[in-house]
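So this block is entry24.pdb, PDB, C-alpha atoms:
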```pdb
ATOM      1  CA  LYS A  16     -32.350   8.049  -8.725
ATOM      2  CA  ASP A  17     -31.380   4.491  -9.439
ATOM      3  CA  PHE A  18     -30.184   2.204  -6.668
ATOM      4  CA  LEU A  19     -26.460   2.722  -7.299
ATOM      5  CA  ASP A  20     -26.801   6.515  -7.307
ATOM      6  CA  GLN A  21     -28.522   6.319  -3.930
ATOM      7  CA  LEU A  22     -25.508   4.507  -2.484
ATOM      8  CA  LYS A  23     -23.066   7.175  -3.630
ATOM      9  CA  PRO A  24     -22.132   9.780  -1.020
ATOM     10  CA  ASP A  25     -22.683  13.471  -1.798
ATOM     11  CA  ASN A  26     -20.313  14.860  -4.450
ATOM     12  CA  GLY A  27     -18.708  11.433  -4.787
ATOM     13  CA  ASN A  28     -16.967  11.802  -1.414
ATOM     14  CA  ALA A  29     -16.816   8.949   1.072
ATOM     15  CA  ALA A  30     -19.032   9.242   4.166
ATOM     16  CA  ALA A  31     -17.339  11.036   7.059
ATOM     17  CA  ALA A  32     -16.592   8.999  10.179
ATOM     18  CA  GLY A  33     -17.655  11.800  12.514
ATOM     19  CA  VAL A  34     -17.361  15.462  13.410
ATOM     20  CA  GLU A  35     -13.811  16.624  12.825
ATOM     21  CA  LEU A  36     -11.370  17.548  15.600
ATOM     22  CA  PRO A  37     -11.022  21.352  15.201
ATOM     23  CA  TYR A  38      -7.720  23.033  14.447
ATOM     24  CA  GLN A  39      -6.187  26.412  13.693
ATOM     25  CA  LEU A  40      -4.613  26.654  10.228
ATOM     26  CA  LEU A  41      -1.201  28.293  10.652
ATOM     27  CA  ARG A  42       0.162  27.939   7.126
ATOM     28  CA  ARG A  43      -0.825  26.501   3.781
ATOM     29  CA  GLY A  44       2.288  25.639   1.786
ATOM     30  CA  LYS A  45       2.830  23.820  -1.486
ATOM     31  CA  ASP A  46       1.894  20.185  -0.735
ATOM     32  CA  TYR A  47       1.195  20.677   2.996
ATOM     33  CA  GLU A  48      -0.581  22.532   5.795
ATOM     34  CA  ILE A  49       0.631  23.453   9.267
ATOM     35  CA  ARG A  50      -2.095  23.181  11.933
ATOM     36  CA  ARG A  51      -2.372  23.721  15.669
ATOM     37  CA  TYR A  52      -4.632  21.244  17.441
ATOM     38  CA  PRO A  53      -6.060  21.807  20.926
ATOM     39  CA  ALA A  54      -5.455  19.360  23.752
ATOM     40  CA  TYR A  55      -7.791  16.380  23.464
ATOM     41  CA  ASN A  56      -8.601  13.069  25.114
ATOM     42  CA  ALA A  57      -8.012   9.980  23.011
ATOM     43  CA  ALA A  58      -8.594   6.246  23.240
ATOM     44  CA  THR A  59      -5.679   4.282  21.779
ATOM     45  CA  ILE A  60      -5.309   0.573  21.101
ATOM     46  CA  PRO A  61      -2.802  -1.643  19.286
ATOM     47  CA  TYR A  62      -4.228  -3.347  16.211
ATOM     48  CA  ASP A  63      -3.352  -5.874  13.512
ATOM     49  CA  ARG A  64      -6.182  -5.144  11.071
ATOM     50  CA  ARG A  65      -7.760  -1.707  10.842
ATOM     51  CA  ASP A  66     -11.338  -3.039  10.795
ATOM     52  CA  GLU A  67     -10.696  -4.834  14.089
ATOM     53  CA  GLY A  68      -9.295  -1.615  15.564
ATOM     54  CA  TYR A  69     -12.451   0.265  14.547
ATOM     55  CA  ASP A  70     -14.657  -2.431  16.096
ATOM     56  CA  ALA A  71     -12.734  -2.414  19.372
ATOM     57  CA  LEU A  72     -12.757   1.375  19.704
ATOM     58  CA  ALA A  73     -16.462   1.521  18.802
ATOM     59  CA  THR A  74     -17.196  -0.906  21.650
ATOM     60  CA  ILE A  75     -15.034   0.961  24.163
ATOM     61  CA  THR A  76     -16.486   4.384  23.284
ATOM     62  CA  LYS A  77     -20.123   3.305  23.080
ATOM     63  CA  GLY A  78     -22.360   6.070  24.355
ATOM     64  CA  ILE A  79     -20.418   9.020  22.932
ATOM     65  CA  GLU A  80     -19.632  10.148  19.422
ATOM     66  CA  PRO A  81     -15.854  10.128  18.909
ATOM     67  CA  LEU A  82     -14.332  12.707  16.617
ATOM     68  CA  ALA A  83     -12.656  12.238  13.252
ATOM     69  CA  PRO A  84     -10.048  11.418  12.212
ATOM     70  CA  ALA A  85      -8.946   7.967  13.273
ATOM     71  CA  LEU A  86      -5.193   8.336  13.804
ATOM     72  CA  MET A  87      -2.874   5.449  13.068
ATOM     73  CA  GLU A  88       0.832   5.107  13.798
ATOM     74  CA  VAL A  89       2.861   2.298  12.250
ATOM     75  CA  LYS A  90       6.489   1.652  13.207
ATOM     76  CA  ASN A  91       8.771   1.388  10.184
ATOM     77  CA  ASP A  92       9.626  -2.215  11.034
ATOM     78  CA  ASN A  93       5.882  -3.013  11.425
ATOM     79  CA  SER A  94       6.559  -4.169  15.007
ATOM     80  CA  GLU A  95       3.727  -2.055  16.388
ATOM     81  CA  LYS A  96       0.583  -0.424  15.016
ATOM     82  CA  THR A  97      -1.743   1.766  17.065
ATOM     83  CA  MET A  98      -5.079   3.441  16.366
ATOM     84  CA  SER A  99      -6.412   6.453  18.280
ATOM     85  CA  TRP A 100      -9.800   8.115  18.303
ATOM     86  CA  PRO A 101     -10.107  11.674  19.612
ATOM     87  CA  LEU A 102     -12.968  11.707  22.141
ATOM     88  CA  ASN A 103     -13.300  15.384  23.084
ATOM     89  CA  PHE A 104     -11.163  18.517  23.073
ATOM     90  CA  ALA A 105     -10.323  21.587  25.134
ATOM     91  CA  PRO A 106     -12.725  24.402  24.290
ATOM     92  CA  PRO A 107     -11.275  27.782  23.225
ATOM     93  CA  GLY A 108      -9.578  29.506  26.152
ATOM     94  CA  GLU A 109      -9.152  26.241  28.083
ATOM     95  CA  THR A 110      -5.980  24.156  28.322
ATOM     96  CA  ASN A 111      -7.585  20.832  29.264
ATOM     97  CA  PRO A 112     -10.399  18.866  27.647
ATOM     98  CA  PRO A 113     -13.480  17.904  29.711
ATOM     99  CA  ASN A 114     -13.511  14.630  31.624
ATOM    100  CA  ILE A 115     -14.371  11.402  29.818
ATOM    101  CA  PRO A 116     -17.699   9.818  30.869
ATOM    102  CA  GLN A 117     -17.194   7.294  33.674
ATOM    103  CA  SER A 118     -18.889   4.530  31.642
ATOM    104  CA  ILE A 119     -16.102   4.684  29.055
ATOM    105  CA  MET A 120     -13.383   4.733  31.687
ATOM    106  CA  THR A 121     -14.992   1.662  33.289
ATOM    107  CA  THR A 122     -15.239  -0.195  29.959
ATOM    108  CA  SER A 123     -11.600   0.591  29.130
ATOM    109  CA  LYS A 124     -10.516  -1.063  32.406
ATOM    110  CA  GLU A 125     -12.251  -4.378  31.660
ATOM    111  CA  PRO A 126      -9.782  -7.263  31.146
ATOM    112  CA  MET A 127     -10.874  -7.630  27.517
ATOM    113  CA  TRP A 128      -9.705  -4.058  26.802
ATOM    114  CA  SER A 129      -6.608  -4.025  29.009
ATOM    115  CA  ASP A 130      -4.484  -2.815  26.093
ATOM    116  CA  CYS A 131      -6.657   0.293  25.643
ATOM    117  CA  ASN A 132      -5.077   3.522  26.828
ATOM    118  CA  ILE A 133      -7.170   6.639  27.438
ATOM    119  CA  GLU A 134      -4.993   9.704  27.778
ATOM    120  CA  THR A 135      -4.885  13.447  27.295
ATOM    121  CA  VAL A 136      -2.853  14.552  24.277
ATOM    122  CA  GLY A 137      -1.424  18.047  24.689
ATOM    123  CA  SER A 138      -1.916  20.867  22.209
ATOM    124  CA  LYS A 139       0.452  20.410  19.271
ATOM    125  CA  VAL A 140       1.558  21.800  15.926
ATOM    126  CA  VAL A 141       1.276  19.271  13.108
ATOM    127  CA  ALA A 142       2.450  19.275   9.506
ATOM    128  CA  VAL A 143      -0.125  17.585   7.284
ATOM    129  CA  GLY A 144       0.058  16.140   3.773
ATOM    130  CA  SER A 145      -3.106  14.947   2.002
ATOM    131  CA  PHE A 146      -3.920  11.980  -0.223
ATOM    132  CA  SER A 147      -7.175  10.658  -1.661
ATOM    133  CA  ASP A 148      -6.383   6.993  -2.260
ATOM    134  CA  ALA A 149      -6.964   4.090   0.117
ATOM    135  CA  SER A 150      -4.725   4.149   3.211
ATOM    136  CA  VAL A 151      -2.472   1.270   2.179
ATOM    137  CA  ALA A 152       1.229   1.157   3.042
ATOM    138  CA  PRO A 153       2.723   2.234  -0.338
ATOM    139  CA  ILE A 154       0.328   5.204  -0.655
ATOM    140  CA  VAL A 155       0.832   6.353   2.944
ATOM    141  CA  ARG A 156       4.626   6.028   2.828
ATOM    142  CA  LYS A 157       4.782   7.914  -0.484
ATOM    143  CA  ALA A 158       2.664  10.754   0.990
ATOM    144  CA  ASP A 159       4.872  10.799   4.111
ATOM    145  CA  ALA A 160       8.046  11.088   2.001
ATOM    146  CA  LYS A 161       6.468  13.903  -0.057
ATOM    147  CA  LEU A 162       5.512  15.795   3.124
ATOM    148  CA  ARG A 163       9.021  15.457   4.575
ATOM    149  CA  GLU A 164      10.526  16.717   1.315
ATOM    150  CA  ALA A 165       8.182  19.746   1.215
ATOM    151  CA  LEU A 166       8.913  20.684   4.831
ATOM    152  CA  THR A 167      12.680  20.424   4.306
ATOM    153  CA  ARG A 168      12.406  22.512   1.115
ATOM    154  CA  ASP A 169      10.626  25.279   3.065
ATOM    155  CA  GLY A 170      13.045  25.270   6.012
ATOM    156  CA  ILE A 171      10.757  23.562   8.522
ATOM    157  CA  THR A 172      12.646  21.096  10.711
ATOM    158  CA  VAL A 173      11.425  17.508  10.540
ATOM    159  CA  PRO A 174      12.029  15.957  13.985
ATOM    160  CA  GLU A 175      14.432  13.016  14.044
ATOM    161  CA  THR A 176      12.028  11.149  16.328
ATOM    162  CA  SER A 177       9.369  11.163  13.583
ATOM    163  CA  LYS A 178      11.508   8.995  11.314
ATOM    164  CA  ALA A 179      10.852   5.780  13.286
ATOM    165  CA  SER A 180       7.207   5.562  12.196
ATOM    166  CA  VAL A 181       4.538   6.937   9.919
ATOM    167  CA  LYS A 182       1.392   8.608  11.274
ATOM    168  CA  PHE A 183      -1.710   8.902   9.152
ATOM    169  CA  ALA A 184      -5.291  10.049   9.576
ATOM    170  CA  GLN A 185      -8.432   8.533   8.079
ATOM    171  CA  TYR A 186     -11.523  10.758   8.014
ATOM    172  CA  ASP A 187     -13.926   8.404   6.254
ATOM    173  CA  ALA A 188     -16.145   5.741   7.733
ATOM    174  CA  ILE A 189     -14.507   2.350   7.270
ATOM    175  CA  PHE A 190     -15.566   0.501   4.094
ATOM    176  CA  SER A 191     -17.230   3.678   2.757
ATOM    177  CA  LEU A 192     -17.525   4.272  -0.984
ATOM    178  CA  GLY A 193     -16.383   7.359  -2.869
ATOM    179  CA  LYS A 194     -13.390   9.665  -2.864
ATOM    180  CA  ARG A 195     -11.438   9.194   0.338
ATOM    181  CA  ARG A 196      -9.755  11.746   2.565
ATOM    182  CA  GLY A 197      -6.485  10.686   4.106
ATOM    183  CA  GLU A 198      -3.571  12.599   5.591
ATOM    184  CA  VAL A 199      -0.075  11.940   6.861
ATOM    185  CA  TRP A 200       0.884  13.796  10.040
ATOM    186  CA  ILE A 201       4.253  14.852  11.413
ATOM    187  CA  GLU A 202       4.205  16.488  14.840
ATOM    188  CA  LEU A 203       6.621  19.433  14.855
ATOM    189  CA  GLU A 204       8.827  20.281  17.805
ATOM    190  CA  ASN A 205       9.107  23.727  19.353
ATOM    191  CA  GLY A 206      12.080  25.553  17.856
ATOM    192  CA  GLY A 207      11.802  23.752  14.510
ATOM    193  CA  HIS A 208       9.166  26.164  13.206
ATOM    194  CA  PRO A 209       7.991  29.762  13.836
ATOM    195  CA  TRP A 210       4.635  28.807  15.433
ATOM    196  CA  SER A 211       5.829  27.752  18.892
ATOM    197  CA  ASP A 212       3.530  28.502  21.833
TER     198      ASP A 212
END
```

Rewrite the coordinates I just gave you, this time as structure tokens.
Amino acid sequence: KDFLDQLKPDNGNAAAAGVELPYQLLRRGKDYEIRRYPAYNAATIPYDRRDEGYDALATITKGIEPLAPALMEVKNDNSEKTMSWPLNFAPPGETNPPNIPQSIMTTSKEPMWSDCNIETVGSKVVAVGSFSDASVAPIVRKADAKLREALTRDGITVPETSKASVKFAQYDAIFSLGKRRGEVWIELENGGHPWSD
């Protein structure tokens, strides 16, 4: 192989950021999927630039291998942007994920990382729309609008609270080459779909 071919990921896909947070596929519709995710622990920080968010979370979680995807939420007025990394998840049959290593809890309490929040996210049902372009605002917002339209078309209630921001997931290692894997996420509320617990 020549040098450039050696740099290309397998099948032209971008390199994955990590092992993926598992989920149960509940429905595959036209332009979307409905998934149930287990409870998981996550580290969340505010960020201005995504690369800085990745660097900060990599420092805080040193010593473990966080899961993919990186989850971002951006308020519609751009007043706040957060990035979360799933750290571990509740195994099948369990309702709570295992404890986070003490070293990470200690690091997250250092003054430098005072804006880091480590919390348990409960099990949830999420509507997901996919895109393969870079996760830039016009692409993400277009995918979010398409997902909302598909859910409404199929009689799945889009929560009013979800309209204040856009949530998206990035599965690829930052600055990786190749075809990217991105998703927009809308957390569904019990009663707005037939897959309630």

Evaluate the PyMOL selection byres ((chain A and resi 91) around 9) against this structure - the residues, as a compact mmCIF listing (two decimals) with C-alpha atoms, in the frame of the given file, please.
```
# COMPACT_ATOMS: atom_id res chain seq x y z
CA VAL A 89 2.86 2.30 12.25
CA LYS A 90 6.49 1.65 13.21
CA ASP A 92 9.63 -2.22 11.03
CA ASN A 93 5.88 -3.01 11.42
CA SER A 94 6.56 -4.17 15.01
CA GLU A 95 3.73 -2.06 16.39
CA LYS A 178 11.51 8.99 11.31
CA ALA A 179 10.85 5.78 13.29
CA SER A 180 7.21 5.56 12.20
CA VAL A 181 4.54 6.94 9.92
```

Problem set entry | Shell of 10 Å around A:Pro116, all atoms listed in the file, local chain residues under 6 positions omitted, as a list in words |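 Result of the neighbour search: Thr76, Gly78 and Ile79 of chain A.
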
For this session: List the neighbours of A:Pro112 out to 7 Å using all atoms listed in the file; skip same-chain residues closer than 2 positions along the sequence, and give me the result as a PyMOL selection string.
Result: chain A and resi 54-56+103-106+110+114

Could you give me, as an mmCIF file with C-alpha atoms, keeping the file's coordinate frame, the residues within 12 Å of A:Glu204, counting all atoms listed in the file and dropping anything in the same chain fewer than 6 positions from it?
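Result file follows (out04.cif):
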```cif
data_model
loop_
_atom_site.group_PDB
_atom_site.id
_atom_site.type_symbol
_atom_site.label_atom_id
_atom_site.label_comp_id
_atom_site.auth_asym_id
_atom_site.auth_seq_id
_atom_site.Cartn_x
_atom_site.Cartn_y
_atom_site.Cartn_z
ATOM 1 C CA ARG A 51 -2.372 23.721 15.669
ATOM 2 C CA SER A 138 -1.916 20.867 22.209
ATOM 3 C CA LYS A 139 0.452 20.410 19.271
ATOM 4 C CA VAL A 140 1.558 21.800 15.926
ATOM 5 C CA VAL A 141 1.276 19.271 13.108
ATOM 6 C CA ALA A 142 2.450 19.275 9.506
ATOM 7 C CA ILE A 171 10.757 23.562 8.522
ATOM 8 C CA THR A 172 12.646 21.096 10.711
ATOM 9 C CA VAL A 173 11.425 17.508 10.540
ATOM 10 C CA PRO A 174 12.029 15.957 13.985
ATOM 11 C CA GLU A 175 14.432 13.016 14.044
ATOM 12 C CA THR A 176 12.028 11.149 16.328
ATOM 13 C CA SER A 177 9.369 11.163 13.583
ATOM 14 C CA TRP A 210 4.635 28.807 15.433
ATOM 15 C CA SER A 211 5.829 27.752 18.892
ATOM 16 C CA ASP A 212 3.530 28.502 21.833
#
```

Once the PyMOL selection byres ((chain A and resi 84-87) around 10) has been applied to the shown file, what residues remain in the selection, as a short mmCIF file (atom, residue, chain, number, x, y, z; two decimals) with C-alpha atoms, in the coordinates of the input?
```cif
data_model
loop_
_atom_site.label_atom_id
_atom_site.label_comp_id
_atom_site.auth_asym_id
_atom_site.auth_seq_id
_atom_site.Cartn_x
_atom_site.Cartn_y
_atom_site.Cartn_z
CA ALA A 31 -17.34 11.04 7.06
CA ALA A 32 -16.59 9.00 10.18
CA GLY A 33 -17.66 11.80 12.51
CA VAL A 34 -17.36 15.46 13.41
CA GLU A 35 -13.81 16.62 12.82
CA LEU A 36 -11.37 17.55 15.60
CA ALA A 57 -8.01 9.98 23.01
CA THR A 59 -5.68 4.28 21.78
CA ILE A 60 -5.31 0.57 21.10
CA PRO A 61 -2.80 -1.64 19.29
CA TYR A 62 -4.23 -3.35 16.21
CA ARG A 65 -7.76 -1.71 10.84
CA GLY A 68 -9.30 -1.62 15.56
CA TYR A 69 -12.45 0.26 14.55
CA LEU A 72 -12.76 1.38 19.70
CA PRO A 81 -15.85 10.13 18.91
CA LEU A 82 -14.33 12.71 16.62
CA ALA A 83 -12.66 12.24 13.25
CA GLU A 88 0.83 5.11 13.80
CA VAL A 89 2.86 2.30 12.25
CA LYS A 96 0.58 -0.42 15.02
CA THR A 97 -1.74 1.77 17.07
CA MET A 98 -5.08 3.44 16.37
CA SER A 99 -6.41 6.45 18.28
CA TRP A 100 -9.80 8.12 18.30
CA PRO A 101 -10.11 11.67 19.61
CA VAL A 181 4.54 6.94 9.92
CA LYS A 182 1.39 8.61 11.27
CA PHE A 183 -1.71 8.90 9.15
CA ALA A 184 -5.29 10.05 9.58
CA GLN A 185 -8.43 8.53 8.08
CA TYR A 186 -11.52 10.76 8.01
CA ASP A 187 -13.93 8.40 6.25
CA ALA A 188 -16.14 5.74 7.73
CA ILE A 189 -14.51 2.35 7.27
CA ARG A 196 -9.76 11.75 2.56
CA GLY A 197 -6.48 10.69 4.11
CA GLU A 198 -3.57 12.60 5.59
CA VAL A 199 -0.08 11.94 6.86
CA TRP A 200 0.88 13.80 10.04
#
```

For this session: Might you spell out which residues the PyMOL selection byres ((chain A and resi 158) around 10) would select in the displayed file, as a PyMOL selection string?
Result: chain A and resi 46+143-146+152-157+159-164+181+183+197-200
